[in-house]
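> I have a structure here, written as structure tokens, and I will follow up with some questions on it.
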Amino acid sequence: DIAITIVDPWIYSQEIGKKDFRWISWTPLDHDPLLQPLREQLKSAYRVYSFSKWGVNVLKEYNIDGRYMPLGVATNIYRPRSKSEAKKRLGFNKDDFVIGMVFANKGRPNRKCPERTMEAFARFRKDHHDAKLWLHCWAGMEYQGIDILYMIRELKIQEHVYLPDAYRYITGQISDDDMSWHYNAFDMLVAPSMSEG
């Protein structure tokens, strides 16, 4: 009898509850009402955990036994580090004002709002010549995302926008330690969203 944990269960087939193993959902609940297919899927789980107390309350409204388990962070990895060293590792000068965004470039419309972020950056850059934008994402459209490179060219910000090494990104070679350095390089983290809890 095997139990697996699934985050974001709505991306999996409804058949998961009919498999020969127990599964656990540890999930963000960022909408109410819960759609019927998701409710049925969660009812088939062995256990359901929510990142938020609000999510637990939503589950209770639908007679789903939800429990609260907040997100955690590995503080031995994600910790303050030298900002000048972090900027240097990403190829920035120590005096650059680095704006960072970390997101998945997928789906239309993209709920993470990369288009608006780049448009806002282009306007911001006109008055702040030391501003740079780090987009930690896949730039291609393979996941039904937007054409990041096209948009960068259209906004004429190509000399001021940086992306991770595509090979390292797509092969999963960017480690948690790398990401810790990335976050430490940012003077500002932007995370606009159209549909998150």
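By convention in this document, the chains of the structure tokens carry letters A, B, ... by their order, each chain's residues are numbered from 1, and ligands are numbered from 1 in the order they are shown.
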Quick one: DSSP strand (DSSP E or B) residues in range 1-93 of chain A, as a list in words?

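The strand (DSSP E or B) residues within range 1-93 of chain A come out as Ala3, Ile4, Thr5, Ile6, Arg22, Trp23, Ile24, Ser25, Trp26, Thr27, Arg47, Val48, Tyr49, Ser50, Gly66, Arg67 and Tyr68 of chain A.
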
> Emit the selected residues as a PDB file, in the first residue's frame, including C-alpha atoms.


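Generated file (part_17.pdb):
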```
ATOM      1  CA  ALA A   3       0.908   6.737  -0.525  1.00  0.00           C
ATOM      2  CA  ILE A   4       2.045   9.574  -2.772  1.00  0.00           C
ATOM      3  CA  THR A   5       1.728  13.292  -2.198  1.00  0.00           C
ATOM      4  CA  ILE A   6       0.358  15.546  -4.899  1.00  0.00           C
ATOM      5  CA  ARG A  22      -3.396   5.965  -1.479  1.00  0.00           C
ATOM      6  CA  TRP A  23      -2.630   9.549  -2.328  1.00  0.00           C
ATOM      7  CA  ILE A  24      -2.310  12.675  -0.234  1.00  0.00           C
ATOM      8  CA  SER A  25      -3.122  16.158  -1.450  1.00  0.00           C
ATOM      9  CA  TRP A  26      -1.018  18.967   0.024  1.00  0.00           C
ATOM     10  CA  THR A  27      -2.354  21.844  -1.920  1.00  0.00           C
ATOM     11  CA  ARG A  47      -5.576  12.836   3.406  1.00  0.00           C
ATOM     12  CA  VAL A  48      -6.010  16.461   2.333  1.00  0.00           C
ATOM     13  CA  TYR A  49      -3.755  19.233   3.639  1.00  0.00           C
ATOM     14  CA  SER A  50      -4.025  22.920   2.854  1.00  0.00           C
ATOM     15  CA  GLY A  66      -8.846  19.057   5.516  1.00  0.00           C
ATOM     16  CA  ARG A  67      -5.899  19.708   7.774  1.00  0.00           C
ATOM     17  CA  TYR A  68      -3.574  22.677   7.997  1.00  0.00           C
TER      18      TYR A  68
END
```

> Would you please extract all alpha helix (DSSP H) residues from range 62-131 of chain A, as assigned by DSSP on the backbone, and give them as a PyMOL selection string?

chain A and resi 83-90+114-127

> How about saving the chosen residues, N, CA and C atoms kept, as a short mmCIF file (atom, residue, chain, number, x, y, z; two decimals), in the first residue's frame?


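Output (selection-v4.cif):
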```cif
data_model
loop_
_atom_site.label_atom_id
_atom_site.label_comp_id
_atom_site.auth_asym_id
_atom_site.auth_seq_id
_atom_site.Cartn_x
_atom_site.Cartn_y
_atom_site.Cartn_z
N LYS A 83 24.85 40.64 -1.02
CA LYS A 83 24.14 41.14 -2.19
C LYS A 83 25.10 41.40 -3.35
N SER A 84 26.27 41.97 -3.07
CA SER A 84 27.21 42.25 -4.16
C SER A 84 27.71 40.95 -4.80
N GLU A 85 27.95 39.92 -3.99
CA GLU A 85 28.37 38.62 -4.54
C GLU A 85 27.23 37.99 -5.33
N ALA A 86 26.01 38.10 -4.83
CA ALA A 86 24.85 37.54 -5.52
C ALA A 86 24.66 38.21 -6.88
N LYS A 87 24.78 39.53 -6.92
CA LYS A 87 24.64 40.24 -8.20
C LYS A 87 25.74 39.84 -9.17
N LYS A 88 26.94 39.70 -8.66
CA LYS A 88 28.07 39.31 -9.50
C LYS A 88 27.82 37.93 -10.12
N ARG A 89 27.29 36.99 -9.33
CA ARG A 89 27.01 35.64 -9.82
C ARG A 89 26.00 35.64 -10.97
N LEU A 90 25.07 36.60 -10.97
CA LEU A 90 24.08 36.68 -12.04
C LEU A 90 24.52 37.57 -13.20
N PRO A 114 3.38 38.08 -16.74
CA PRO A 114 4.69 38.54 -17.21
C PRO A 114 4.59 39.70 -18.21
N GLU A 115 3.51 39.74 -18.99
CA GLU A 115 3.36 40.83 -19.96
C GLU A 115 3.30 42.17 -19.24
N ARG A 116 2.46 42.25 -18.22
CA ARG A 116 2.33 43.50 -17.48
C ARG A 116 3.61 43.85 -16.75
N THR A 117 4.30 42.85 -16.25
CA THR A 117 5.56 43.11 -15.56
C THR A 117 6.57 43.73 -16.52
N MET A 118 6.70 43.16 -17.70
CA MET A 118 7.66 43.70 -18.67
C MET A 118 7.24 45.09 -19.15
N GLU A 119 5.96 45.30 -19.35
CA GLU A 119 5.48 46.64 -19.75
C GLU A 119 5.78 47.66 -18.65
N ALA A 120 5.54 47.29 -17.40
CA ALA A 120 5.81 48.19 -16.28
C ALA A 120 7.31 48.45 -16.17
N PHE A 121 8.12 47.40 -16.37
CA PHE A 121 9.57 47.58 -16.31
C PHE A 121 10.04 48.54 -17.39
N ALA A 122 9.50 48.41 -18.61
CA ALA A 122 9.91 49.30 -19.70
C ALA A 122 9.62 50.76 -19.34
N ARG A 123 8.48 51.01 -18.72
CA ARG A 123 8.15 52.38 -18.30
C ARG A 123 9.07 52.82 -17.15
N PHE A 124 9.29 51.93 -16.18
CA PHE A 124 10.14 52.24 -15.02
C PHE A 124 11.57 52.55 -15.48
N ARG A 125 12.04 51.80 -16.44
CA ARG A 125 13.41 51.92 -16.92
C ARG A 125 13.69 53.31 -17.53
N LYS A 126 12.68 53.95 -18.07
CA LYS A 126 12.87 55.28 -18.68
C LYS A 126 13.38 56.30 -17.68
N ASP A 127 12.98 56.17 -16.43
CA ASP A 127 13.42 57.10 -15.39
C ASP A 127 14.47 56.52 -14.45
#
```

> Could you check the closest approach to Pro192 in chain A for each of A:Met179, A:Ala139, A:Ala131, A:Val102 and tell me which residue wins, using only C-alpha atoms?

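The closest residue to Pro192 in chain A is A:Val102.
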
> Determine, counting only C-alpha atoms, which protein, DNA and RNA residues have an atom within 8 Å of an atom of range 174-176 of chain A; residues of the same chain fewer than 3 positions away are not included. Present the result as a PyMOL selection string.

chain A and resi 77-78+168-169+179-180

> Within 7 Å of range 149-163 of chain A, counting only C-alpha atoms, which residues show up once you throw out same-chain ones fewer than 2 positions away? Write them as a PyMOL selection string, please.

chain A and resi 122+132-136+139+147+165

> Export C-alpha atoms of the chosen residues as a compact mmCIF listing (two decimals), in the first residue's frame?


```
# COMPACT_ATOMS: atom_id res chain seq x y z
CA ALA A 122 9.91 49.30 -19.70
CA LYS A 132 17.65 45.50 -14.71
CA LEU A 133 15.01 42.77 -14.91
CA TRP A 134 15.74 39.12 -14.13
CA LEU A 135 13.00 36.80 -15.43
CA HIS A 136 13.49 33.35 -13.96
CA ALA A 139 11.27 31.93 -22.44
CA ASP A 147 6.78 34.56 -26.38
CA ASP A 165 20.75 29.67 -18.90
```

> Could you tell me how far CA of Gly72 in chain A sits from CA of Gly91 in chain A, in Å to one decimal place?

29.5 Å

> List the neighbours of Trp138 in chain A out to 9 Å using only C-alpha atoms; skip same-chain residues closer than 5 positions along the sequence, and give me the result as a PyMOL selection string.

chain A and resi 103-106+143+145+148+163-164+166+169-170

> Distance CA of Trp54 in chain A-CA of Leu42 in chain A, one decimal place?

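Computing the Euclidean distance for CA of Trp54 in chain A and CA of Leu42 in chain A yields 16.2 Å.
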
> Measure the distance from CA of Phe92 in chain A to CA of Cys113 in chain A in Å and round it to one decimal.

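Spanning CA of Phe92 in chain A to CA of Cys113 in chain A is a straight-line distance of 24.3 Å.
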